[in-house]
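Here's the structure we're looking at; comments come further down.
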Amino acid sequence: MAHLRSRRRLALAVPVVLSLTASLGFLPSAASAAPRTDTVVRTADGPELAYVVNTRTDRHTLASVQRAITAAGGSIVVTYDRIGVFVVHSANPDFAETLRGVHGVQSAGATRTAPLTAAGTTDEGAAQYLTKAQAAKAASASASAGESEPLEADQWDLRAIGADKAAKIDPGSRKVTVAVIDTGVDDTHPDLAPNFSASQSANCVGGKADTSYGAWRPAQPDHYHGTHVAGEIAAARNGIGVAGVAPNVKVSAIKVADPVSELFYPESVVCAFVFAADHGVEITNNSYYVDPWLYNCMDDPDQRAIVDAVDRAQRYAQHKGTLSIASAGNSNDDLDSPSLVDASSPDDSTATTRTVDPHECFDVPTQLPGVVTVSATGVTKAKSYYSSYGDGVIDVAAPGGDKYQIPDTPSKDGRILSTMPGGQYAYLQGTSMASPHVAGVAALLKSAHPRATPAQLQALLKAQADNPGCPAGPYDGNGDGVVDATCVGGKRVNGFYGFGVVNALRAVK
């Protein structure tokens, strides 16, 4: 009963508040959310912040709200007419409160807590680059095992979900594209270049798509996250380095990370979902949470506006036929618990410690309706020590790596090996790595069932998954003798794995 109750709370709590966007579900399939841009004069009463203003979608409302934005000292960056979202900059400290009182405005709020200036750099986690000695050892082992890729012997994750065998049956269709919404992708990498789709790629930083050539690439050499993710999904089987789960599908890049701080602001993510939908992308991978709030609480008007805006965009994408896959997070949080402690928000200024209810405060886009939520496993198929979980929240699980679960591979590294900028390879771990494995399997399913809707694809993902069931004893992910998490549920579905670990071989059969 706990499972049904928790899922219902999530399924109802978000759409009720977001009933503002109910009309989105009735958009015609050919509808376009193409943005229009406007330039207005803004006043300078304080530090300039970015805002989202969410409205009804009729022309009269859009026009009147546009005038109100101008009158309140706002500068419109871009307008997504079809989903009723304005991205605005303003130096008026009362801008959001003023707009909330305007007829036709359904929510409005700041998307960050610091001015539009560099907030400093962040570290996405240490990557362990593959050494020449490790590469040589892996190449020898791969050749002995008859693997097609030189580094495949170190890719325990492919074997864990049958992706190595699946590739021999069906490596995926060229008609399927997975967009990596992330820090950018180095499409010049020899393992990614054969499958890269430039026509479905863009730079959405700031909320307006830039499709100029190369705009989708990482802003800095150490912004490697998106390139690693892309390789896990669709690195080509070309005899060069590693292989992806779906090595014949196309992959595109929609860059949303701030070029300095690498933060993923809401307006950039809104742009990414709309761009993906309008450019025929079948699947998006979302290995991040929308900054600056780890959890967005619906009783806060700014955070509510963030949830509203991103949800409108991802629902638009669903309606256009795009399935979105998202990582559950690396906090080892129980997303079905009565309360959680969030000590990291906001992450663009000074964080404060707060207690939140994950049924009312959402990890975005992970907990939005229709998004596939993914937890991470290691080589033993045990939940990764860092992976968040939750009965009725996790949909499926996939290899994300775990340094405490050691595989019998040449490099003996329990993390995930994939592509890096500059033609390099490295190991990373996280639910960021689990989500692209699911995106790859979803791409194989879409290849086999080209007419499947996003809801049908999600059902297929769950149907072909293998569920290990809850651990027989206490879960101690890092082996320190302390119980780290409690699994709730049964063999068919539970809080650690959802419906189970995805299976690429079953997907192609």
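Ligands are numbered from 1 in the order shown, chains are lettered A, B, ... in the order of the structure tokens, and residues start at 1 in each chain.
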### Task
Would you mind writing down, as a ChimeraX atom specification, each residue of range 148-177 of chain A that DSSP on the backbone assigns to helix (DSSP H, G or I)?
/A:152-154,156-160,163-169
### Query
Which residues, written as a list in words, have at least one atom at most 9 Å from Pro474 in chain A, with only C-alpha atoms counted and residues fewer than 6 positions away on the same chain left out?
Val482, Val483, Asp484, Ala485, Thr486 and Cys487 of chain A
Per-residue nearest contacts range 402-486 of chain A to range 176-181 of chain A, cut-off 8 Å, using only C-alpha atoms, as a tab-separated table:
residue	atom	partner	partner_atom	distance
A:Ala439	CA	A:Val178	CA	7.3
A:Gly440	CA	A:Val178	CA	7.9
A:Ala443	CA	A:Val176	CA	6.5
A:Lys446	CA	A:Val176	CA	7.1
A:Ser447	CA	A:Val176	CA	6.5
Quick one: everything within 8 Å of Asn467 in chain A, counting only C-alpha atoms, minus sequence neighbours fewer than 5 positions away in the same chain. Send it as a short mmCIF file (atom, residue, chain, number, x, y, z; two decimals) with C-alpha atoms, in the first residue's frame.
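selection-v1.cif was written with the following content:
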data_model
loop_
_atom_site.label_atom_id
_atom_site.label_comp_id
_atom_site.auth_asym_id
_atom_site.auth_seq_id
_atom_site.Cartn_x
_atom_site.Cartn_y
_atom_site.Cartn_z
CA LYS A 491 10.62 -9.05 -6.09
CA ARG A 492 8.57 -7.45 -8.87
CA VAL A 493 9.05 -3.81 -7.85
CA TYR A 497 15.54 -1.09 -8.43
CA GLY A 498 12.01 -0.04 -9.35
CA PHE A 499 10.95 -2.68 -11.87
CA GLY A 500 14.52 -3.94 -12.19
CA VAL A 501 17.85 -3.54 -13.95
#
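In this comparison, which uses only C-alpha atoms, the residue of A:Pro436, A:Pro358, A:Gly214, A:Pro454 approaching Tyr389 in chain A most closely is A:Pro358.
For Lys175 in chain A, the residues within 10 Å (counting only C-alpha atoms, excluding itself and residues fewer than 5 positions away along the chain) are Asn248, Val249, Lys250, Gly280, Val281, Glu282, Ala443, Lys446, Ser447 and Pro450 of chain A.
Atom pair CA of Ala313 in chain A / CA of Thr352 in chain A: separated by 28.9 Å.
Of the residues under consideration (A:Thr380, A:Thr111, A:Ser387, A:Thr284), A:Thr111 shows the shortest atom-to-atom contact distance to Asp348 in chain A when counting only C-alpha atoms.
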### Message
Residues within 6 Å of Val290 in chain A, please, as a PyMOL selection string. Count only C-alpha atoms; anything in the same chain fewer than 4 positions from it doesn't count.
### Response
chain A and resi 264-266+364
Expected file: the selected residues, N, CA, C and O atoms, as an mmCIF file, in the first residue's frame:
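Result file follows (selection_15.cif):
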data_model
loop_
_atom_site.group_PDB
_atom_site.id
_atom_site.type_symbol
_atom_site.label_atom_id
_atom_site.label_comp_id
_atom_site.auth_asym_id
_atom_site.auth_seq_id
_atom_site.Cartn_x
_atom_site.Cartn_y
_atom_site.Cartn_z
ATOM 1 N N PHE A 264 23.165 24.053 -14.050
ATOM 2 C CA PHE A 264 22.118 23.786 -15.036
ATOM 3 C C PHE A 264 20.872 24.590 -14.649
ATOM 4 O O PHE A 264 20.015 24.100 -13.916
ATOM 5 N N TYR A 265 20.764 25.805 -15.135
ATOM 6 C CA TYR A 265 19.661 26.666 -14.731
ATOM 7 C C TYR A 265 18.365 26.320 -15.478
ATOM 8 O O TYR A 265 18.390 25.811 -16.605
ATOM 9 N N PRO A 266 17.208 26.589 -14.851
ATOM 10 C CA PRO A 266 15.915 26.170 -15.414
ATOM 11 C C PRO A 266 15.653 26.659 -16.827
ATOM 12 O O PRO A 266 15.143 25.904 -17.666
ATOM 13 N N VAL A 364 14.096 18.045 -9.858
ATOM 14 C CA VAL A 364 13.645 18.340 -11.221
ATOM 15 C C VAL A 364 14.827 18.182 -12.189
ATOM 16 O O VAL A 364 15.911 18.695 -11.921
#
## Note on the structure
One residue among A:Phe95, A:Ala309, A:Leu505, A:Ser435 is nearest to Ile83 in chain A when using only C-alpha atoms, and that residue is A:Ala309
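Here CA of Ser388 in chain A stands at a distance of 21.7 Å from CA of Asp413 in chain A.
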### Query
What residues in range 301-442 of chain A get the DSSP label strand (DSSP E)? Please answer as number ranges by chain.
A: 323-327, 340-345, 352-356, 361-362, 372-377, 396-399, 416-420, 424-428
Dump of C-alpha atoms for the selected residues, as a PDB file, in the first residue's frame:
ATOM      1  CA  LEU A 323      10.824  10.090 -23.814  1.00  0.00           C
ATOM      2  CA  SER A 324      13.017  11.613 -21.100  1.00  0.00           C
ATOM      3  CA  ILE A 325      15.322   9.554 -18.873  1.00  0.00           C
ATOM      4  CA  ALA A 326      16.759  11.078 -15.667  1.00  0.00           C
ATOM      5  CA  SER A 327      19.142  10.099 -12.901  1.00  0.00           C
ATOM      6  CA  LEU A 340      15.036  14.724   3.860  1.00  0.00           C
ATOM      7  CA  VAL A 341      17.786  17.125   4.850  1.00  0.00           C
ATOM      8  CA  ASP A 342      18.988  19.370   2.037  1.00  0.00           C
ATOM      9  CA  ALA A 343      22.199  21.136   3.010  1.00  0.00           C
ATOM     10  CA  SER A 344      23.343  22.079  -0.510  1.00  0.00           C
ATOM     11  CA  SER A 345      20.696  24.558  -1.689  1.00  0.00           C
ATOM     12  CA  THR A 352      21.415  26.735   4.057  1.00  0.00           C
ATOM     13  CA  THR A 353      20.303  23.530   5.745  1.00  0.00           C
ATOM     14  CA  ARG A 354      16.602  22.800   5.434  1.00  0.00           C
ATOM     15  CA  THR A 355      14.311  19.818   5.950  1.00  0.00           C
ATOM     16  CA  VAL A 356      12.067  19.003   2.987  1.00  0.00           C
ATOM     17  CA  CYS A 361       9.663  19.245  -2.816  1.00  0.00           C
ATOM     18  CA  PHE A 362      10.864  17.770  -6.103  1.00  0.00           C
ATOM     19  CA  VAL A 372      11.884   7.694 -16.255  1.00  0.00           C
ATOM     20  CA  THR A 373      13.722   7.814 -12.912  1.00  0.00           C
ATOM     21  CA  VAL A 374      16.904   5.703 -12.728  1.00  0.00           C
ATOM     22  CA  SER A 375      18.907   4.369  -9.779  1.00  0.00           C
ATOM     23  CA  ALA A 376      22.457   3.011 -10.049  1.00  0.00           C
ATOM     24  CA  THR A 377      23.992  -0.414  -9.525  1.00  0.00           C
ATOM     25  CA  VAL A 396      14.299   1.131 -13.347  1.00  0.00           C
ATOM     26  CA  ALA A 397      17.963   0.678 -12.462  1.00  0.00           C
ATOM     27  CA  ALA A 398      21.169   0.383 -14.509  1.00  0.00           C
ATOM     28  CA  PRO A 399      24.949   0.178 -14.076  1.00  0.00           C
ATOM     29  CA  ILE A 416      32.133   3.164 -15.799  1.00  0.00           C
ATOM     30  CA  LEU A 417      34.635   3.584 -18.629  1.00  0.00           C
ATOM     31  CA  SER A 418      33.632   5.931 -21.437  1.00  0.00           C
ATOM     32  CA  THR A 419      34.678   8.709 -23.781  1.00  0.00           C
ATOM     33  CA  MET A 420      36.233  12.022 -22.729  1.00  0.00           C
ATOM     34  CA  GLN A 424      40.551  10.298 -24.227  1.00  0.00           C
ATOM     35  CA  TYR A 425      38.833   7.732 -21.972  1.00  0.00           C
ATOM     36  CA  ALA A 426      38.157   7.728 -18.241  1.00  0.00           C
ATOM     37  CA  TYR A 427      36.185   6.134 -15.417  1.00  0.00           C
ATOM     38  CA  LEU A 428      33.322   7.905 -13.659  1.00  0.00           C
TER      39      LEU A 428
END
### Thr113 in chain A environment, 10 Å, only C-alpha atoms, sequence neighbours closer than 6 positions dropped, as a list in words
Leu49, Ala50, Asp291, Pro292, Trp293, Asp302, Ser345, Pro346, Asp347, Asp348, Ser349 and Thr350 of chain A
Report as a compact mmCIF listing (two decimals) with N, CA, C and O atoms, in the first residue's frame all protein, DNA and RNA residues lying within 9 Å of range 142-151 of chain A, evaluated on only C-alpha atoms, omitting residues in the same chain fewer than 4 positions from it.
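File around-v3.txt, as written:
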# COMPACT_ATOMS: atom_id res chain seq x y z
N ALA A 135 45.28 0.71 -20.86
CA ALA A 135 44.70 0.55 -22.19
C ALA A 135 45.29 -0.66 -22.90
O ALA A 135 44.58 -1.43 -23.56
N ALA A 136 46.61 -0.83 -22.77
CA ALA A 136 47.27 -1.97 -23.41
C ALA A 136 46.79 -3.29 -22.82
O ALA A 136 46.56 -4.27 -23.55
N LYS A 137 46.64 -3.31 -21.52
CA LYS A 137 46.16 -4.53 -20.85
C LYS A 137 44.73 -4.86 -21.27
O LYS A 137 44.39 -6.02 -21.52
N ALA A 138 43.90 -3.83 -21.34
CA ALA A 138 42.51 -4.03 -21.75
C ALA A 138 42.44 -4.49 -23.20
O ALA A 138 41.64 -5.37 -23.55
N GLN A 155 34.74 -2.90 -19.92
CA GLN A 155 33.34 -2.44 -19.87
C GLN A 155 32.43 -3.54 -19.30
O GLN A 155 31.58 -4.09 -19.99
N ASP A 164 26.53 -6.27 -24.98
CA ASP A 164 27.53 -6.83 -25.90
C ASP A 164 26.87 -7.83 -26.85
O ASP A 164 27.13 -7.85 -28.05
N ARG A 237 30.80 1.06 -32.58
CA ARG A 237 31.63 -0.16 -32.65
C ARG A 237 32.45 -0.06 -33.93
O ARG A 237 32.07 -0.56 -34.98
N ASN A 238 33.58 0.63 -33.80
CA ASN A 238 34.42 0.93 -34.96
C ASN A 238 35.86 0.48 -34.78
O ASN A 238 36.75 0.89 -35.52
N GLY A 239 36.10 -0.36 -33.74
CA GLY A 239 37.43 -0.89 -33.52
C GLY A 239 38.41 0.10 -32.95
O GLY A 239 39.63 -0.09 -33.04
N ILE A 240 37.91 1.19 -32.33
CA ILE A 240 38.82 2.23 -31.83
C ILE A 240 38.98 2.21 -30.32
O ILE A 240 40.08 2.15 -29.80
N GLY A 241 37.90 2.28 -29.55
CA GLY A 241 38.04 2.40 -28.09
C GLY A 241 37.00 1.61 -27.34
O GLY A 241 37.18 0.44 -27.01
N VAL A 242 35.87 2.27 -27.02
CA VAL A 242 34.80 1.63 -26.26
C VAL A 242 33.56 1.50 -27.14
O VAL A 242 33.53 2.01 -28.27
N ALA A 243 32.55 0.84 -26.60
CA ALA A 243 31.27 0.72 -27.30
C ALA A 243 30.16 1.26 -26.42
O ALA A 243 30.22 1.17 -25.19
N LEU A 417 33.66 3.07 -17.67
CA LEU A 417 34.63 3.58 -18.63
C LEU A 417 33.91 4.12 -19.85
O LEU A 417 33.06 3.45 -20.43
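Across the model, the gap from CA of Tyr224 in chain A to CA of Leu192 in chain A is 13.5 Å.
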### Message
When you count only C-alpha atoms, which of these residues is closest to Ala153 in chain A: A:Lys412, A:His319, A:Arg112, A:Lys509?
### Response
A:Lys412
### Query
Using only C-alpha atoms, which residue out of A:Asn332, A:Ser339, A:Thr431, A:Asn494 lies closest to Tyr386 in chain A?
A:Asn332
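Of the listed residues A:Asp157, A:Asp187, A:Asp395, A:Glu152, the one whose atoms come nearest to Ser201 in chain A is A:Asp187, with distances taken using only C-alpha atoms.
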